[in-house]
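Chemist: Dropping the structure in here first, questions after.
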Amino acid sequence: MTPKREWLDTDYYAVLGVSADADQDTIKKSYRKLARAHHPDSNPDDPSAEQTFKEVGEAYSVVGDADTRKEYDEIRRLGASGLGGFAGAGAGGGFPGGSGDLNDLLQGLFTQGGGGAGGFPGGVGGFGTTTRSRRRAKGRDFEATVQVSFDDALAGARTRLRINGDGPCGTCHGSGAAPGTSPSSCPTCGGSGQVAIDQGPFSFAQPCATCGGNGSIVTDPCATCHGSGNVVRPRELTVRIPAGVRDGAVIRVPGRGGPGSNGGASGDVLVHVEVEPDSLFGRRADDVTLQVPLTYAEAALGTTLSVPTPHGETRRIRIPAGTASGRTFRIRGQGSPRRGPKSGRGDLLVTVDVEVPESLSGEQKDLLQQLQELDDTSARDTRLQRGAA
């Protein structure tokens with residue numbers, strides 16, 4: 001990972017809630033705890049949770065890796081002992097070109113070879129040119145969409161995806177050179193992938209224009225990939241759909257994206273989940289919803305209903321006399337598995353809907369007319385009169 005200007009300004013240990021001398025295992029445990037607590041899926045009504053989740057992930061990407069953590073600690077140490085003064089000068093003239101050149105300096109601190117003077121690795125500080133190793137780059141992320149049934153979204157499933165994306169060329173095995181040949185060292189940068197640029201008392205390195213920072217050139221390119229080392233080809237991968245996944249969720253499959261360059265890590269595959277609607281049940285966060293029709297008599301007199309659950313069981317609920325249309329009854333623990341720090345399941349929310357029949361038999365009409373004659377409408381008439389007044 002390339003050092004960033006933000007490293008001087010952000011205490012990633014504080015973001016993760018650990019001390020600067022914490023071991024890697026402690027850092028990992030703290031990251032996992034915070035990631036679960038602030039995951040957007042677990043906090044759908046808290047917009048700040050996603051920002052905190054990103055900050056925690058950024059902190060862990062730096063200090064969670066032992067090598068990157070060393071670079072971060074050294075940057076912070078140099079900043080505390082004097083580099084921070086350079087940072088202030090960068091915007092006003094201490095570095096040629098402003099803060100952009102300061103970023104170049106930070107980027108070069110840990111990728112330069114040889115011993116330096118003045119506490120700077122690789123000779124930064126006006127003591128000669130620098131030699132930087134070839135820059136590793138992570139591969140491109142691919143994106144795919146998968147549709148899952150309502151039942152699979154609740155229970156979890158495994159599905160196979162077929163995607164098209166960059167992959168190592170099978171003819172040259174990723175070298176870019178024709179079979180029987182190999183890339184040669186770049187004559188401009190001597191294979192380092194970088195060239196030194198003098199700016200006053202400092203020397204900065206930038207990617208070599210001849211080889212594009214690869215450190216090598218292909219004089220006899222592969223006929224299949226035309227020297228790139230990669231070809232677009234179909235591939236299949238198995239994706240685990242976690243139980244309780246919601247519509248619109250994104251599942252990251254690490255390391256199955258495009259190949260990295262110069263030894264960099266492969267990219268990831270971002271799988272967008274679309275949950276198909278169910279003919280019976282609905283979803284509200286971790287709760288499952290169900291609409292149940294009631295007759296006039298059931299609503300007025302009360303009844304006991306047997307209702308299905310999304311897990312194949314049947315539960316009985318008591319509908320009290322005088323239940324109004326739209327009332328919701330809760331059956332606990334019969335919803336979706338909860339994602340994030342909370343364990344268990346959500347609830348099943350059963351909403352009753354009193355139906356008005358579109359057609360009536362002669363006997364039903366007679367009974368309803370008898371009921372109408374017995375109805376006391378005086379209270380309603382009084383309310384209407386007051387409203388009119």
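In the structure tokens, the first chain shown is A, the next is B, and so on; residue numbers restart at 1 for each chain, and ligands run from 1 in the order shown.
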For the structure I just gave you, how does DSSP split segment 161-380 of chain A - specifically, which residues are alpha helix (DSSP H)? Reply as a ChimeraX atom specification.
Modeler: /A:296-301,362-374,378-380
Chemist: Do you know which residues are at most 8 Å from Asp166 of chain A counting only C-alpha atoms, after dropping those on the same chain fewer than 5 positions away, and could you put them as JSON, numbers by chain?
Modeler: {"A": [230, 231, 232, 233, 257, 258, 259]}
Chemist: Write to file, as a JSON list (two decimals), in the first residue's frame, the residues of the selection just made, with N, CA, C and O atoms.
Modeler:
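Result file result_39.json:
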[["chain", "number", "residue", "atom", "x", "y", "z"],
["A", 230, "ASN", "N", -2.92, -10.33, -20.15],
["A", 230, "ASN", "CA", -4.28, -10.66, -19.69],
["A", 230, "ASN", "C", -5.22, -10.80, -20.87],
["A", 230, "ASN", "O", -5.05, -10.16, -21.90],
["A", 231, "VAL", "N", -6.23, -11.62, -20.69],
["A", 231, "VAL", "CA", -7.29, -11.76, -21.69],
["A", 231, "VAL", "C", -8.63, -11.76, -20.96],
["A", 231, "VAL", "O", -8.72, -12.12, -19.78],
["A", 232, "VAL", "N", -9.65, -11.33, -21.67],
["A", 232, "VAL", "CA", -11.01, -11.38, -21.12],
["A", 232, "VAL", "C", -11.57, -12.77, -21.39],
["A", 232, "VAL", "O", -11.62, -13.22, -22.53],
["A", 233, "ARG", "N", -11.96, -13.44, -20.33],
["A", 233, "ARG", "CA", -12.47, -14.80, -20.48],
["A", 233, "ARG", "C", -13.57, -15.04, -19.45],
["A", 233, "ARG", "O", -13.61, -14.41, -18.39],
["A", 257, "GLY", "N", -11.25, -11.18, -8.55],
["A", 257, "GLY", "CA", -11.39, -10.18, -9.60],
["A", 257, "GLY", "C", -10.23, -10.22, -10.57],
["A", 257, "GLY", "O", -9.61, -11.26, -10.80],
["A", 258, "GLY", "N", -9.91, -9.05, -11.15],
["A", 258, "GLY", "CA", -8.83, -8.97, -12.12],
["A", 258, "GLY", "C", -7.47, -9.18, -11.49],
["A", 258, "GLY", "O", -7.27, -8.91, -10.31],
["A", 259, "PRO", "N", -6.50, -9.68, -12.26],
["A", 259, "PRO", "CA", -5.16, -9.91, -11.72],
["A", 259, "PRO", "C", -4.44, -8.61, -11.41],
["A", 259, "PRO", "O", -4.61, -7.61, -12.11]]
Chemist: Going by DSSP on the backbone, which bits of segment 126-277 of chain A are strand (DSSP E)? Write them as a VMD selection string, please.
Modeler: chain A and resid 142 to 148 157 to 168 184 to 185 194 to 199 202 to 207 216 to 217 230 to 241 250 to 253 269 to 275
Chemist: Choose the residue, out of A:Gly263, A:Pro234, A:Gly139, A:Gly191, that has the smallest atom-to-atom separation from Ile217 of chain A; count only C-alpha atoms.
Modeler: A:Gly191
Chemist: May I have the residues within 10 Å of segment 312-328 of chain A as number ranges by chain, using only C-alpha atoms and disregarding those fewer than 5 positions away in the same chain?
Modeler: A: 289-294, 296-307, 334, 348-355
Chemist: So which residues touch Asp287 of chain A within 7 Å, counting only C-alpha atoms, skipping near sequence neighbours fewer than 4 positions away, as a list in words?
Modeler: Arg283, Gly335, Ser336, Gly346, Asp347, Leu348 and Leu349 of chain A
Chemist: Need the shell around segment 253-255 of chain A: protein/DNA/RNA residues with any atom at most 6 Å away, counting only C-alpha atoms. Skip same-chain ones fewer than 5 positions apart. Format as a tab-separated table (two decimals) with all heavy atoms, in the first residue's frame?
Modeler:
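out_8.tsv was written with the following content:
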chain	number	residue	atom	x	y	z
A	266	SER	N	-4.90	-9.71	-6.44
A	266	SER	CA	-6.02	-9.72	-7.37
A	266	SER	C	-7.16	-8.87	-6.80
A	266	SER	O	-7.27	-8.68	-5.59
A	266	SER	CB	-6.50	-11.15	-7.61
A	266	SER	OG	-5.50	-11.93	-8.23
A	267	GLY	N	-7.99	-8.38	-7.68
A	267	GLY	CA	-9.15	-7.61	-7.26
A	267	GLY	C	-10.22	-8.52	-6.67
A	267	GLY	O	-10.04	-9.73	-6.54
A	268	ASP	N	-11.34	-7.95	-6.33
A	268	ASP	CA	-12.44	-8.69	-5.74
A	268	ASP	C	-13.62	-8.72	-6.71
A	268	ASP	O	-13.65	-8.01	-7.71
A	268	ASP	CB	-12.89	-8.03	-4.43
A	268	ASP	CG	-11.74	-7.89	-3.42
A	268	ASP	OD1	-10.84	-8.76	-3.46
A	268	ASP	OD2	-11.74	-6.92	-2.65
A	269	VAL	N	-14.60	-9.54	-6.38
A	269	VAL	CA	-15.87	-9.56	-7.11
A	269	VAL	C	-16.95	-9.04	-6.18
A	269	VAL	O	-17.11	-9.56	-5.07
A	269	VAL	CB	-16.22	-10.98	-7.61
A	269	VAL	CG1	-17.59	-10.97	-8.29
A	269	VAL	CG2	-15.17	-11.49	-8.58
